[in-house]
Every structure is written in structure tokens, then in C-alpha cells.
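Visitor: Input: one structure, supplied below.
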Amino acid sequence: MGSETPLPKWASTPCIMGIDEAGRGPVLGPMVYGCLYCARSYQKTLATLNFADSKTLKEEKREELFENLKADESIGWSVDVIDPRELSAKMLKKNKVNLNEISHDSAIGLINRVLNMGVLLTVVYLDTVGDADKYRIKLSERFPSIKFVVAKKADSLYPVVSGASIVAKVTRDRALREWVLEETSENMHRSFGSGYPGDPETKAWLAHHKHTIFGFPTLVRFSWGTCTSYYKDMVEVLWESDKVDEDVGYGSSQKQLKLSNVGFGKAAKRKIEEIESSGKGRCKFFHSRKLEQLTHF
């Protein structure tokens with residue numbers, strides 16, 4: 001059922017929720033946070049639905065389980081899809097936001113979304129990001145009425161987190177399959193492998209799709225260390241600035257800004273921040289975080 005479906009009766013009884021992510025490590029594509037929630041009274045039934053850590057399941061099984069949970073009226077779910085451009089923008093902006101903070105913010109956003117829908121959350125289970133105790137304290141201070149269970153490998157310990165893992169993984173897989181390459185360069189193709197830095201097919205795709213001036217396609221998280229080795233082949237770019245830059249000094253109304261690594265200079269960072277603030281840095285498959293984030297009962 002879609003997000004406009006009236007709140008089911010079970011949502012006003014004490015509920016549990018699991019949260020997990022997919023795509024934290026890849027150099028390609030979005031990172032997706034997913035959640036799954038249900039009444040506490042449904043917890044035993046949930047354990048019989050064969051949910052497991054999505055990484056241990058074949059794609060066909062994940063798809064089957066995802067369709068099953070979508071059809072289950074006793075389960076609700078939601079996702080947060082974080083575009084690769086947004087990840088790089090936040091990690092490279094002047095006031096940097098690291099991946100752990102991005103992950104925390106995404107999880108907090110999902111909790112807020114479900115609470116705002118009127119679901120009575122009493123317990124939330126999460127896979128840890130960073131120090132488990134510090135993460136639990138941070139969440140407890142933010143949501144004092146909710147008990148938080150933060151644990152390593154939570155997706156293999158708690159069925160509600162296993163279900164969230166499946167929601168996140170299937171959503172990311174589908175996003176990659178449906179990804180529209182915006183760039184129009186010749187000889188572009190979609191054989192990019194798993195997207196993980198160690199995948200030879202992914203490495204070959206990055207090497208083939210780097211541009212000496214414009215860098216990488218928007219599918220790439222260009223802030224990842226994996227991309228660093230490719231910048232030595234790119235040209236040095238000089239940006240004309242009609243105002244004094246803080247790093248260049250004073251005394252002239254026009255300065256040249258050197259951009260040694262394409263995509264990492266201040267002008268590029270400003271452009272990335274503009275994209276982020278305008279909301280245009282979101283994954284095209286989902287159109288925008290606001291319009292197409294999926295929330296279902």
C-alpha cells in the first residue's frame with residue numbers, strides 16, 4: 001500500500017522498526033537506507049518469513065522476499081536514496097560531512113518520517129555505524145521515548161533488520177539497473193560490474209569513462225579514494241574569478257583559480273553545493289528525495 005494509504009490500526013499499537021543500508025562501500029551509485037516496521041505483536045510471525053541479511057541471499061531470492069513484504073499488510077517500509085553526487089558534495093564541501101554522519105542523518109530521517117506518519121515506535125534496531133554505544137546514546141537523546149538496540153551484524157541477528165536490509169538492497173539494485181546516464185559522450189556503456197572498488201570490471205569502467213576535463217559521469221562518487229589515481233591523467237584547469245578568493249589574496253578584482261584535480265577545486269565544490277541546495281543532485285530513477293521516496297504499509 002502506498003504512502004497515502006490510511007494508517008492501519010496496528011500502527012497505533014507499540015511497534016518495532018529495523019534500519020539498515022545498502023551501498024555504503026561502492027564507488028558507483030547511490031547509498032540507500034531502508035527501514036521495516038510492524039507491531040510488536042507481529043514479531044514472532046516476522047521471524048518465520050525467512051528474512052536474512054541481504055548479502056547472504058541471491059538476487060532472485062531478495063526480489064521474491066521484497067515482493068512478499070510489500071504484499072504483507074502487517075508490515076510497513078520506507079527508503080532513503082542518497083545520490084552519489086550528494087555523497088561527494090557533502091564529503092568535499094568546506095564544512096565536511098563524513099559518511100558516518102550522512103548515515104546517521106539518514107537513519108534519523110527515516111525514524112522521523114515514520115513517527116510523523118503516526119506510527120507508535122517503541123523499539124528500533126540498527127546495525128552500528130561507528131561506535132555502537134555513542135550511536136545509541138545519540139539516538140536516545142534525540143528520541144527519548146524509543147528504546148534503541150544498536151549492534152554489529154544486526155541484519156543477521158534481528159529479523160526486522162534483515163527485512164530492512166532486503167528493502168535497502170533491492171531498492172539500490174533496481175536504482176542501478178534503471179540508472180539513466182545523463183552524459184552524452186560516445187562509447188559509454190553500462191557494464192560497470194558491482195560498483196565496488198576492488199571489482200576489475202568496475203575499475204575498467206572507471207578508466208574507460210573518465211574525461212580529461214569533465215571528470216566522471218554522475219554515477220560515480222568522485223570523492224572516493226578509488227578515483228584519486230585517475231586524476232593524474234586529467235588536465236589542469238584554470239578558472240576565472242571576478243571576485244577575490246580567500247586563498248589567492250587581496251588587491252585585484254580578478255584572479256585565476258587553479259584546479260589541479262578536476263572535480264575537487266573550490267569552483268567545482270561551489271557548483272556541487274549549488275546542486276545540493278537546489279535538490280538537483282538526487283538520483284534520477286527516484287526523481288527527487290521528496291517526491292519519490294518510497295513509504296509503504
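Identifiers for the C-alpha cells are assigned positionally: chains receive A, B, ... in sequence, residues are indexed from 1 per chain, and ligands are indexed from 1 in the order shown.
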Can you tell me, as a ChimeraX atom specification, what residues are no more than 7 Å from segment 17-31 of chain A when counting only C-alpha atoms, ignoring any on the same chain fewer than 4 positions away?

Guide: /A:35-38,81-84,107,123-127,160-161,164-165,168-169,172,176,195-197,219-221,224

Visitor: I need the residues from that last selection saved to file as a PDB file, in the first residue's frame (with C-alpha atoms), if you can.

Guide:
ATOM      1  CA  CYS A  35      13.534   0.561   7.236  1.00  0.00           C
ATOM      2  CA  LEU A  36      10.898  -2.031   8.023  1.00  0.00           C
ATOM      3  CA  TYR A  37       8.382  -1.748  10.851  1.00  0.00           C
ATOM      4  CA  CYS A  38       5.490  -3.700  12.310  1.00  0.00           C
ATOM      5  CA  VAL A  81      18.050   7.090  -1.545  1.00  0.00           C
ATOM      6  CA  ILE A  82      21.188   9.236  -1.338  1.00  0.00           C
ATOM      7  CA  ASP A  83      22.547  10.206  -4.746  1.00  0.00           C
ATOM      8  CA  PRO A  84      26.304   9.750  -5.401  1.00  0.00           C
ATOM      9  CA  ALA A 107      18.563   6.810   9.832  1.00  0.00           C
ATOM     10  CA  VAL A 123      11.899  -0.110  19.854  1.00  0.00           C
ATOM     11  CA  VAL A 124      14.286   0.489  16.921  1.00  0.00           C
ATOM     12  CA  TYR A 125      17.048  -1.950  15.922  1.00  0.00           C
ATOM     13  CA  LEU A 126      20.025  -0.754  13.885  1.00  0.00           C
ATOM     14  CA  ASP A 127      23.315  -2.023  12.539  1.00  0.00           C
ATOM     15  CA  VAL A 160      13.216  -6.761  11.443  1.00  0.00           C
ATOM     16  CA  VAL A 161      16.688  -5.504  10.446  1.00  0.00           C
ATOM     17  CA  ALA A 164      15.176  -3.607   6.219  1.00  0.00           C
ATOM     18  CA  SER A 165      18.375  -4.931   4.642  1.00  0.00           C
ATOM     19  CA  ALA A 168      17.573  -1.281   1.009  1.00  0.00           C
ATOM     20  CA  LYS A 169      19.458  -3.767  -1.181  1.00  0.00           C
ATOM     21  CA  ARG A 172      19.660   0.053  -4.689  1.00  0.00           C
ATOM     22  CA  LEU A 176      21.399   0.864 -10.667  1.00  0.00           C
ATOM     23  CA  GLY A 195      30.400  -0.917  -8.379  1.00  0.00           C
ATOM     24  CA  TYR A 196      32.796  -1.947  -5.616  1.00  0.00           C
ATOM     25  CA  PRO A 197      36.355  -0.522  -5.767  1.00  0.00           C
ATOM     26  CA  LEU A 219      27.022   7.794 -11.354  1.00  0.00           C
ATOM     27  CA  VAL A 220      30.490   7.999  -9.764  1.00  0.00           C
ATOM     28  CA  ARG A 221      31.226   9.038  -6.183  1.00  0.00           C
ATOM     29  CA  TRP A 224      36.117   8.098  -3.111  1.00  0.00           C
TER      30      TRP A 224
END

Visitor: Compile the contact shell of Val170 of chain A as a ChimeraX atom specification: residues with an atom at most 8 Å away, counting only C-alpha atoms, same-chain residues fewer than 2 positions apart removed.

Guide: /A:62-63,66,166-168,172-174

Visitor: Print the selection's residues with N, CA and C atoms to a file, as a compact mmCIF listing (two decimals), in the first residue's frame.

Guide:
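What landed in result.txt:
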# COMPACT_ATOMS: atom_id res chain seq x y z
N ARG A 62 16.12 -12.24 -2.97
CA ARG A 62 15.86 -10.92 -2.41
C ARG A 62 14.63 -10.29 -3.05
N GLU A 63 14.54 -10.41 -4.36
CA GLU A 63 13.39 -9.84 -5.08
C GLU A 63 12.10 -10.51 -4.62
N PHE A 66 11.21 -9.29 -1.14
CA PHE A 66 10.77 -7.90 -1.19
C PHE A 66 9.31 -7.82 -1.66
N ILE A 166 16.89 -6.13 3.16
CA ILE A 166 16.35 -6.53 1.85
C ILE A 166 15.72 -5.34 1.14
N VAL A 167 14.98 -4.52 1.88
CA VAL A 167 14.36 -3.32 1.30
C VAL A 167 15.44 -2.41 0.70
N ALA A 168 16.51 -2.18 1.47
CA ALA A 168 17.57 -1.28 1.01
C ALA A 168 18.31 -1.86 -0.19
N ARG A 172 18.41 -0.38 -4.05
CA ARG A 172 19.66 0.05 -4.69
C ARG A 172 19.90 -0.70 -5.99
N ASP A 173 19.69 -2.02 -5.99
CA ASP A 173 19.90 -2.81 -7.20
C ASP A 173 19.01 -2.31 -8.33
N ARG A 174 17.77 -2.02 -8.00
CA ARG A 174 16.85 -1.52 -9.03
C ARG A 174 17.25 -0.13 -9.51

Visitor: Rounded to one decimal place, report the atom CA of Leu238 of chain A-atom CA of Asn95 of chain A distance in Å.

Guide: 23.8 Å

Visitor: So, counting only C-alpha atoms, which residue among A:Arg85, A:Lys90, A:Lys147, A:Arg142 is closest to Asn112 of chain A?

Guide: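 Using only C-alpha atoms, the shortest distance to Asn112 of chain A belongs to A:Arg142.
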
Visitor: I'd like to know which residues of segment 112-194 of chain A are strand (DSSP E or B) (by DSSP, run on the backbone); could you write them as an NGL selection string?

Guide: :A and (121-127 or 147-151)

Visitor: Can I get the selected residues back with all heavy atoms, as a short mmCIF file (atom, residue, chain, number, x, y, z; two decimals), in the first residue's frame?

Guide:
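Below you can see selection-v1.cif, which holds the result:
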data_model
loop_
_atom_site.label_atom_id
_atom_site.label_comp_id
_atom_site.auth_asym_id
_atom_site.auth_seq_id
_atom_site.Cartn_x
_atom_site.Cartn_y
_atom_site.Cartn_z
N LEU A 121 6.28 4.00 17.47
CA LEU A 121 7.54 3.28 17.59
C LEU A 121 7.98 3.21 19.04
O LEU A 121 8.05 4.24 19.72
CB LEU A 121 8.64 3.97 16.76
CG LEU A 121 8.52 3.90 15.24
CD1 LEU A 121 9.68 4.66 14.60
CD2 LEU A 121 8.51 2.46 14.75
N THR A 122 8.29 2.01 19.50
CA THR A 122 8.78 1.85 20.87
C THR A 122 10.18 1.27 20.92
O THR A 122 10.92 1.54 21.87
CB THR A 122 7.83 0.94 21.68
OG1 THR A 122 7.71 -0.33 21.02
CG2 THR A 122 6.45 1.58 21.79
N VAL A 123 10.56 0.48 19.91
CA VAL A 123 11.90 -0.11 19.85
C VAL A 123 12.41 -0.03 18.42
O VAL A 123 11.68 -0.37 17.48
CB VAL A 123 11.92 -1.59 20.32
CG1 VAL A 123 13.35 -2.11 20.35
CG2 VAL A 123 11.25 -1.75 21.67
N VAL A 124 13.66 0.42 18.25
CA VAL A 124 14.29 0.49 16.92
C VAL A 124 15.62 -0.25 16.98
O VAL A 124 16.44 0.00 17.88
CB VAL A 124 14.51 1.95 16.47
CG1 VAL A 124 15.26 1.98 15.14
CG2 VAL A 124 13.18 2.68 16.34
N TYR A 125 15.82 -1.16 16.03
CA TYR A 125 17.05 -1.95 15.92
C TYR A 125 17.86 -1.45 14.73
O TYR A 125 17.33 -1.25 13.64
CB TYR A 125 16.71 -3.43 15.70
CG TYR A 125 15.90 -4.07 16.80
CD1 TYR A 125 14.51 -3.94 16.82
CD2 TYR A 125 16.52 -4.80 17.80
CE1 TYR A 125 13.76 -4.53 17.82
CE2 TYR A 125 15.77 -5.41 18.82
CZ TYR A 125 14.38 -5.26 18.81
OH TYR A 125 13.64 -5.85 19.80
N LEU A 126 19.15 -1.25 14.94
CA LEU A 126 20.03 -0.75 13.88
C LEU A 126 21.36 -1.47 13.88
O LEU A 126 21.88 -1.87 14.93
CB LEU A 126 20.32 0.75 14.04
CG LEU A 126 19.19 1.73 14.21
CD1 LEU A 126 18.91 1.97 15.68
CD2 LEU A 126 19.52 3.05 13.52
N ASP A 127 21.92 -1.60 12.68
CA ASP A 127 23.31 -2.02 12.54
C ASP A 127 24.18 -0.83 12.91
O ASP A 127 23.87 0.31 12.53
CB ASP A 127 23.57 -2.44 11.09
CG ASP A 127 24.74 -3.40 10.95
OD1 ASP A 127 25.21 -3.90 11.98
OD2 ASP A 127 25.17 -3.65 9.81
N LYS A 147 13.30 2.96 22.67
CA LYS A 147 14.46 2.15 23.07
C LYS A 147 15.24 1.79 21.81
O LYS A 147 14.66 1.34 20.81
CB LYS A 147 14.00 0.87 23.77
CG LYS A 147 15.15 -0.07 24.11
CD LYS A 147 14.66 -1.38 24.71
CE LYS A 147 15.81 -2.34 24.97
NZ LYS A 147 15.35 -3.63 25.52
N PHE A 148 16.56 1.97 21.84
CA PHE A 148 17.39 1.67 20.67
C PHE A 148 18.31 0.50 20.98
O PHE A 148 18.95 0.45 22.03
CB PHE A 148 18.21 2.89 20.27
CG PHE A 148 17.38 3.98 19.63
CD1 PHE A 148 16.89 5.02 20.40
CD2 PHE A 148 17.07 3.92 18.28
CE1 PHE A 148 16.09 6.01 19.82
CE2 PHE A 148 16.28 4.90 17.70
CZ PHE A 148 15.79 5.95 18.47
N VAL A 149 18.36 -0.43 20.04
CA VAL A 149 19.27 -1.56 20.11
C VAL A 149 20.22 -1.42 18.93
O VAL A 149 19.83 -1.58 17.77
CB VAL A 149 18.53 -2.90 20.04
CG1 VAL A 149 19.52 -4.06 20.08
CG2 VAL A 149 17.51 -3.01 21.18
N VAL A 150 21.48 -1.08 19.21
CA VAL A 150 22.48 -0.87 18.16
C VAL A 150 23.53 -1.98 18.29
O VAL A 150 24.14 -2.13 19.35
CB VAL A 150 23.15 0.52 18.30
CG1 VAL A 150 24.17 0.72 17.18
CG2 VAL A 150 22.10 1.62 18.28
N ALA A 151 23.71 -2.74 17.24
CA ALA A 151 24.61 -3.89 17.33
C ALA A 151 25.31 -4.15 16.01
O ALA A 151 24.77 -3.84 14.94
CB ALA A 151 23.82 -5.14 17.74
#

Visitor: Mind checking which residues fall within 12 Å of Asn98 of chain A, counting only C-alpha atoms, ignoring those fewer than 3 positions away in the same chain, and posting them as number ranges by chain?

Guide: A: 24, 86-95, 101-105, 129-130, 223-224

Visitor: Pick the closest to Asn68 of chain A from A:Leu181, A:Leu49, A:Ile146, A:Val235: which is it, counting only C-alpha atoms?

Guide: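 Under the stated criterion, the closest residue is A:Leu49.
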
Visitor: Between atom CA of Phe51 of chain A and atom CA of Thr202 of chain A, what is the distance in Å, rounded to a tenth?

Guide: 29.3 Å

Visitor: Segment 16-147 of chain A: which residues are alpha helix (DSSP H) by DSSP, as a PyMOL selection string?

Guide: chain A and resi 43-46+59-71+84-92+99-116+132-142
